[in-house]
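These notes concern the structure reproduced below.
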Amino acid sequence: MSQVHATEKNWSHVILGAIGDGVISLDAEGVVDYLNPAAERITGWTRDMAIGTHVVQVLPLIGLREPPVHPDVAALSAWFHSAAESITTLRVRDGSEREIQMSVSVLMDGQGGPQGLVLTFRDISQTATLMRELAHRASHDSLTGLYNREEFERRIKRLLGDVQAGGGPHALCFINLDQFKLVNETCGNAAGSALLKEVATALQTLAGENDVLARLGDDVFGLLLPQMNVSRAIQVAQDAVGMLAMQRFGWGDRQFAVGGSAGVAAITPDMQGIDDVLIAAGAACQVAKEQGRSRVHLFEPPDADVARRQGEMRWVPRLQSALEVGDFQLMYQDIVPTAQGSITGRHLEILICLPDASGRLIAPGEFLPAARRYGLMGRIDRWVTAQIGEWLHWRAGSGRSLPELVTINLSGSSLSDPEFRDFAEQQARELPSGGSFCFEITEGEAIANLAEASSFINRMKRHGCQFALDDFGSGLSSFAYLKRLPVDFIKIDGLFVRDVATDPVNLAMVEAIHKIGKIMGLQTIAELVETEAAYERVRAIGVDYCQGYHFGGLRPLLSLG
């Protein structure tokens, strides 16, 4: 070998010894004639052991087809190129395994013919482990270890495509726990998390090898059942409900019956997308809960109950989007002094509407039932309260007069939420001078949350807030509960007011409610006053305020002068 060639070879070995990638060179028959220090570390073979040994012994790759029996350079090159197409597993000399990424180069002789190969590879075991962990986190629920909603929806999309191509049958089961909220509220979040883990473990025993079990929400689980007809899917759902009915959850010295309800839907070709599948099963599950819990309900298109729940569920993403971007529009309706019979602009009730794609305003009665059912009312109440606080500050800062009464409707979920009560108190404390809130709560929700309602009313009154009890008279025990609720106004249920001029029973009810209110020192408001005759009748009774379309409909709050 010439001195120049020897020097070049020495330099190449120095360079190859310094890099972190493993390098192995082979002759035309696949025998190792060089490996660098990095290759020694990765393979576990020393240079002395490896040189002269066939490469399949030094670099045994797992999961590939058998290497060529009589290898030449072309055959070996093709075999190693197949390994280089993806991450490959290497069995190290001590029997352990590492994941490597490889590239292959052909060595050419002086005449341009192949005389061997150079294999370059790096140990990516840590990187591959991290990638698998990240992929697992992206597709699995961090609490239960089950699939998450995103991955579940991807699996549904595959099965929906299969059904539309003539495959199937496939089914989906929604499972909703009955006692999660009770456990969470009475024992804390740690107990709720422990319950979810126990339920997830129990449900896994029912899932078949090809089934997909996921946690879709706080206490909602989904079970995707490929290649299963509806009859069999109903049986699986009944097994799940039966198992949950028998399950007991212990926390400290307390024991809880778990229980659950399930909805089943077949994945059919006429379903247009993932939402159609999820809404069908979710609506069926809601119907099962309403029918008495611990039940299974099958989605069938003519089912009126399911259709109603489907309609409600379609509002959920729209409402969530509106909350994120503030897409609601605040409206107001005047509360008119009855004796005066004309609008003063000083007493208002705030309502929210939702613009549709064409800009038409959707009345709250269309979407608020869905917001109540799917746990969005607390967020809506918080948004409205904050917006009204900002509006009052804006009016005060611009020199405009502040209304004497700005009524904000509150849901039962807000009444029972300590965080909302703290938030409302902070908002009231920061109102400009002369500004105050009047919170309106329905009679039914006040009775259902009597202790929380009474406590909240007394707390907020310290900051100048007032309270109105809506729909008064609709409950059988209205007068008995009224003594325990320190409200300022009672709003007479519009069902009585609407026909007060023509129905003597309704007239008697309005008179009785007004009289009791006066005895207790409360002001009365007649709602749904829609005709001149109704207005004249409630004025004759002496009701303090009127509200209804007889005095005008909803108007944008920002249009108030």
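As shown in the structure tokens, the chain order sets the letters A, B, ...; within each chain, residues go from 1, and ligands are also counted from 1 in the order they appear.
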Could you give me, as CSV, every stretch 408-522 of chain A residue with an atom at most 8 Å from stretch 533-553 of chain A, plus its closest atom pair and distance in Å to one decimal, counting only C-alpha atoms, rows ordered by chain then number?
residue,atom,partner,partner_atom,distance
A:Val497,CA,A:Ala534,CA,7.1
A:Arg498,CA,A:Ala534,CA,6.8
A:Asp499,CA,A:Ala534,CA,7.1
A:Val500,CA,A:Ala534,CA,5.9
A:Ala501,CA,A:Ala534,CA,5.2
A:Val510,CA,A:Val538,CA,7.9
A:Glu511,CA,A:Ile541,CA,6.3
A:His514,CA,A:Val543,CA,6.4
*Enumerate as a ChimeraX atom specification all residues of stretch 299-467 of chain A assigned to helix (DSSP H, G or I) by DSSP on the backbone, naming them with the chain letters and numbers the document uses.*
/A:304-313,315-325,364-373,377-397,412-415,418-429,443-448,450-461
*Within 7 Å of stretch 55-71 of chain A, counting only C-alpha atoms, which residues show up once you throw out same-chain ones fewer than 6 positions away? Write them as a ChimeraX atom specification, please.*
/A:29-32,43,45,79,88-91
Can you spit out the residues from that selection as a short mmCIF file (atom, residue, chain, number, x, y, z; two decimals), in the first residue's frame, using N, CA, C and O atoms?
data_model
loop_
_atom_site.label_atom_id
_atom_site.label_comp_id
_atom_site.auth_asym_id
_atom_site.auth_seq_id
_atom_site.Cartn_x
_atom_site.Cartn_y
_atom_site.Cartn_z
N GLU A 29 -19.01 -10.82 -0.01
CA GLU A 29 -19.74 -11.99 0.50
C GLU A 29 -20.44 -11.72 1.83
O GLU A 29 -20.98 -12.62 2.45
N GLY A 30 -20.38 -10.48 2.28
CA GLY A 30 -21.09 -10.12 3.51
C GLY A 30 -20.27 -10.33 4.76
O GLY A 30 -20.83 -10.30 5.87
N VAL A 31 -18.98 -10.50 4.62
CA VAL A 31 -18.11 -10.69 5.78
C VAL A 31 -17.61 -9.32 6.25
O VAL A 31 -17.23 -8.46 5.44
N VAL A 32 -17.60 -9.11 7.56
CA VAL A 32 -17.19 -7.83 8.13
C VAL A 32 -15.69 -7.65 7.97
O VAL A 32 -14.90 -8.54 8.33
N THR A 43 -23.45 -2.89 18.98
CA THR A 43 -23.68 -4.32 18.71
C THR A 43 -23.21 -5.24 19.83
O THR A 43 -23.68 -6.37 19.96
N TRP A 45 -20.18 -6.33 19.89
CA TRP A 45 -19.08 -7.09 19.28
C TRP A 45 -17.83 -6.21 19.24
O TRP A 45 -17.89 -5.05 18.81
N TRP A 79 -31.45 -6.60 0.72
CA TRP A 79 -31.94 -7.05 2.04
C TRP A 79 -31.77 -5.96 3.08
O TRP A 79 -32.68 -5.67 3.85
N THR A 88 -35.66 -0.44 12.87
CA THR A 88 -35.41 -1.88 12.93
C THR A 88 -34.90 -2.25 14.32
O THR A 88 -34.19 -1.46 14.95
N THR A 89 -35.24 -3.45 14.75
CA THR A 89 -34.78 -3.93 16.06
C THR A 89 -33.55 -4.80 15.89
O THR A 89 -33.55 -5.75 15.10
N LEU A 90 -32.50 -4.50 16.64
CA LEU A 90 -31.23 -5.24 16.62
C LEU A 90 -31.11 -6.05 17.90
O LEU A 90 -31.33 -5.52 19.00
N ARG A 91 -30.75 -7.34 17.75
CA ARG A 91 -30.46 -8.13 18.93
C ARG A 91 -28.96 -7.99 19.23
O ARG A 91 -28.10 -8.39 18.44
#
*Exercise: A:Leu35 partners within 7 Å, only C-alpha atoms, chain neighbours under 3 positions left out, as a VMD selection string*: chain A and resid 23 to 25 39 to 40 47
*Can you work out which one of A:Ala371, A:Ile388, A:Met509, A:Leu172 has the shortest atom-to-atom distance to A:Phe299, counting only C-alpha atoms?*
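The shortest atom-to-atom distance to A:Phe299 comes from A:Leu172.
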*Identify, on the basis of only C-alpha atoms, every residue whose closest approach to A:Gly167 does not exceed 12 Å; exclude the query and any residue fewer than 4 positions from it along the same chain; express the result as a ChimeraX atom specification.*
/A:158-163,226-229,267-269
Written selection (N, CA, C and O atoms) as a compact mmCIF listing (two decimals), in the first residue's frame:
# COMPACT_ATOMS: atom_id res chain seq x y z
N ARG A 158 -62.98 5.15 10.70
CA ARG A 158 -62.61 3.97 9.91
C ARG A 158 -63.80 3.04 9.71
O ARG A 158 -64.07 2.56 8.61
N LEU A 159 -64.52 2.78 10.82
CA LEU A 159 -65.65 1.85 10.72
C LEU A 159 -66.78 2.44 9.89
O LEU A 159 -67.48 1.71 9.18
N LEU A 160 -66.98 3.75 10.00
CA LEU A 160 -68.01 4.39 9.18
C LEU A 160 -67.68 4.25 7.71
O LEU A 160 -68.55 3.96 6.88
N GLY A 161 -66.40 4.45 7.36
CA GLY A 161 -65.98 4.25 5.98
C GLY A 161 -66.17 2.81 5.53
O GLY A 161 -66.57 2.55 4.39
N ASP A 162 -65.91 1.88 6.43
CA ASP A 162 -66.08 0.47 6.10
C ASP A 162 -67.55 0.14 5.83
O ASP A 162 -67.88 -0.56 4.87
N VAL A 163 -68.44 0.68 6.67
CA VAL A 163 -69.87 0.43 6.49
C VAL A 163 -70.36 1.03 5.18
O VAL A 163 -71.13 0.42 4.44
N PRO A 226 -66.59 -3.46 16.73
CA PRO A 226 -66.48 -3.83 15.31
C PRO A 226 -67.03 -5.23 15.06
O PRO A 226 -66.95 -6.11 15.92
N GLN A 227 -67.59 -5.40 13.87
CA GLN A 227 -68.11 -6.70 13.45
C GLN A 227 -69.10 -7.28 14.47
O GLN A 227 -69.08 -8.46 14.78
N MET A 228 -69.99 -6.41 14.96
CA MET A 228 -70.98 -6.86 15.94
C MET A 228 -72.34 -6.26 15.58
O MET A 228 -72.45 -5.05 15.37
N ASN A 229 -73.36 -7.12 15.52
CA ASN A 229 -74.70 -6.61 15.21
C ASN A 229 -75.34 -6.01 16.45
O ASN A 229 -74.82 -6.12 17.57
N ILE A 267 -73.81 1.53 13.58
CA ILE A 267 -73.17 2.43 12.63
C ILE A 267 -73.69 2.07 11.25
O ILE A 267 -73.43 0.97 10.76
N THR A 268 -74.44 2.97 10.66
CA THR A 268 -75.15 2.67 9.42
C THR A 268 -74.64 3.53 8.25
O THR A 268 -74.10 4.62 8.47
N PRO A 269 -74.84 3.08 7.02
CA PRO A 269 -74.34 3.82 5.86
C PRO A 269 -74.92 5.22 5.71
O PRO A 269 -74.31 6.09 5.09
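In this model, the gap between atom CA of A:His170 and atom CA of A:Val230 comes to 7.9 Å.
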*Closest to A:Pro403 among A:Glu452, A:Asp123, A:Asp356, A:Asp334, using only C-alpha atoms?*
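The answer is A:Asp334, which sits nearest to A:Pro403.
Here the question is which of A:Leu485, A:Leu224, A:Leu410, A:Leu528 gets nearest to A:Ile335 using only C-alpha atoms, and that residue is A:Leu528.
Look at A:Val258: the protein and nucleic acid residues within 9 Å of it, using only C-alpha atoms and passing over chain neighbours fewer than 4 places away, are Leu177, Asp178, Gln179, Phe180, Leu195, Val199, Leu244, Ala245, Met246, Gln247, Arg248 and Phe249 of chain A.
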_Shortest interatomic distance to A:Ile408 - which of A:Glu153, A:Glu349, A:Glu443, A:Glu430, counting only C-alpha atoms_ =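 With only C-alpha atoms as the atom set, the closest residue is A:Glu349.
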